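Trainee: Starting off with a structure, shown below.
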Amino acid sequence: MTALTQHTEQLSATTLLRFATAGSVDDGKSTLVGRLLHDSKSVLTDQLEAVENASRSRGQEAPDLALLTDGLRAEREQGITIDVAYRYFATPRRRFILADTPGHVQYTRNMVTGASTAELAVVLVDARNGVVEQTRRHAAVAALLRVPHVVLAVNKMDLVDYAEPVFAAIAEEFTAYAASLGVPEITAIPISALAGDNVVEPSAHMDWYGGPTVLEHLETVPVSHDLTACHARFPVQYVIRPQTAEHPDYRGYAGQIAAGAFRVGEAVTVLPSGRTSTVTAIDALGESVDVAWAPQSVTIRLADDIDISRGDLIAPSDDAPAVTQDVEATVCHVADQPLTVGQRVLLKHTTRTVKAIVKDIPSRLTLDDLSQHPAPGRLVANDIGRVVVRTAEPLALDAYADSRRTGSFLLIDPADGTTLTAGMAGASFAVVAEAAATDDDAEWNF
């Protein structure tokens, strides 16, 4: 067995964690990511040399590890992060897909993109500044997107003399706020990304902290990719009808299983029409299989010739979602132009795009105290609020709390195709038991 083959088999046997970093401007997100990559030996020699050369040209003696992720020229020149930077790395215990998101308030929408598929969010806080408005905004986005694990990384501890009371006060404030939003798990870690304290290696300056380093937590946090336990959903992407001599009557419906599993012989319902049939065959990679599960791309064949086209949803008949034309959702507005009551939009849900109108904007979230500002009339860039949308055609939506894949949607400008708003159907924040907000052990999670 060659070393390459052995390494490939080792990686295939490890689990995958998707996570995103977030935080206010200059809290050190890119430096943390660079430190993770550097200290976990995930940086190629030529990449490190390029960073060292760029750092010297800027008059810096030590390599600026933030340059490992700030790939845009404007990012390097200004020393800020503008767009989401995706990085892939691995350790012997786990593989990672990392989304380094911007800190400026005008780029909060980019965090929505980075965190929409994340299973963990690392929220950085500058130990000198504590929890600021942008920290609360990022915690709210993580809660709205139902990110199951949140890490509070209190950075720049070296600039506050590694003082435990500073860390404890920030951790208590953030934990109380995030818990009130319904974040199920919060882990607080004091770090110095610049010096490397508690990032990959334990810090020699904070003997009062007995918890994991950032990488240790990333390697050990429970990750569940079992989409088969979710409600089975199959958005139709394409109808295959070869009409050849070899396949004169073949009619298959191709797409990616969004959640759950489908089996030959299973009774299914096609939405929004409501017609029913039975799965007679499932084709995957050119072969017939008896069962297929998310996120496989397959072709499903049915017993009956039903009018099915792109955008239709196939689901088990005993577990089909409700069909509606009135969508109530929490949204994050991502466009520069505002979203207003009465505005005509396109709503894209899985593979289906329909015309719609914004009937009402009942409230906008005030991040300082989580109060709802009633009837704002419009949402501007980076606002989080509730909307009611009426669609021209019925949609089969799940609640976002039940399925991140089939409970999410986009509102699009019909004039130029610009994405206006990212939406999460159903309730906004998770319901939190009072005990979770007052349990000191749960807060610290050491």
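We name chains A, B, ... following the order of the structure tokens; residues begin at 1 in each chain, and ligands are numbered from 1 as shown.
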I'd like to know which residues of segment 167-326 of chain A are strand (DSSP E) (by DSSP, run on the backbone); could you write them as a count of residues only?
Mentor: 53
Trainee: Rank nothing, just name the residue among A:Asn155, A:Ser309, A:Thr391, A:Gln372 nearest to Arg344 of chain A, using only C-alpha atoms.
Mentor: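 That would be A:Thr391, the residue with the smallest distance to Arg344 of chain A.
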Trainee: Which residues in segment 151-280 of chain A does DSSP call alpha helix (DSSP H)? List them as a list in words.
Mentor: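 So the alpha helix (DSSP H) residues in segment 151-280 of chain A would be Glu164, Pro165, Val166, Phe167, Ala168, Ala169, Ile170, Ala171, Glu172, Glu173, Phe174, Thr175, Ala176, Tyr177, Ala178, Ala179, Ser180, Leu181, Val214, Leu215, Glu216, His217, Leu218, Glu219 and Thr220 of chain A.
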Trainee: What is the distance, in Å and to one decimal place, between atom CA of Pro102 of chain A and atom CA of Ala85 of chain A?
Mentor: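 Computing the Euclidean distance for atom CA of Pro102 of chain A and atom CA of Ala85 of chain A yields 8.9 Å.
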Trainee: Pick the closest to Lys156 of chain A from A:Asp27, A:Glu133, A:Asp207, A:Glu172: which is it, counting only C-alpha atoms?
Mentor: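 Ranked by minimum distance to Lys156 of chain A, first place goes to A:Asp27.
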Trainee: Which residues are close to Thr187 of chain A, i.e. within 12 Å by only C-alpha atoms, leaving aside same-chain residues fewer than 2 positions away? Reply as a PyMOL selection string.
Mentor: chain A and resi 120-124+148-154+171-172+174-175+178-179+183-185+189-190+211-214+217-218+221+441-446
Trainee: If you take only C-alpha atoms and a cut-off of 12 Å, which residues of segment 351-402 of chain A touch segment 255-269 of chain A, and what are their nearest atom pairs and distances in Å to one decimal, in chain and number order, as a tab-separated table?
Mentor:
```
residue	atom	partner	partner_atom	distance
A:Thr351	CA	A:Gly255	CA	9.1
A:Ala396	CA	A:Thr269	CA	11.3
A:Asp398	CA	A:Ala259	CA	11.4
A:Asp402	CA	A:Ala259	CA	10.6
```
Trainee: Save the residues we just selected, C-alpha atoms, as a compact mmCIF listing (two decimals), in the first residue's frame?
Mentor:
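Generated file (selection.txt):
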```
# COMPACT_ATOMS: atom_id res chain seq x y z
CA THR A 351 -35.58 23.58 -7.51
CA ALA A 396 -44.39 22.37 -0.24
CA ASP A 398 -41.11 22.35 5.76
CA ASP A 402 -37.35 20.53 10.92
```
Trainee: Take atom CA of Ala143 of chain A and atom CA of Phe96 of chain A and report the distance between them in Å, one decimal.
Mentor: 21.4 Å
Trainee: May I have the residues within 9 Å of Asp360 of chain A as a PyMOL selection string, using only C-alpha atoms and disregarding those fewer than 4 positions away in the same chain?
Mentor: chain A and resi 340-342+375+377+386-389
Trainee: Hey, which of A:Ile314, A:Ile282, A:Leu17, A:Leu367 ends up closest to Ala90 of chain A? Count only C-alpha atoms.
Mentor: A:Leu17
Trainee: Find, counting only C-alpha atoms, the residue in A:Leu365, A:Val323, A:Ala193, A:Leu420 that gets nearest to Leu395 of chain A.
Mentor: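 Going through A:Leu365, A:Val323, A:Ala193, A:Leu420 one by one, the smallest distance to Leu395 of chain A is for A:Val323.
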Trainee: By how many Å are atom CA of Ala315 of chain A and atom CA of Arg233 of chain A apart?
Mentor: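 That distance, rounded to one decimal, is 5.1 Å.
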Trainee: Calculated over only C-alpha atoms, which of the candidates A:Arg18, A:His231, A:Arg390, A:Arg94 has the smallest distance to Ala294 of chain A?
Mentor: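 When distances to Ala294 of chain A are compared using only C-alpha atoms, the smallest one comes from A:His231.
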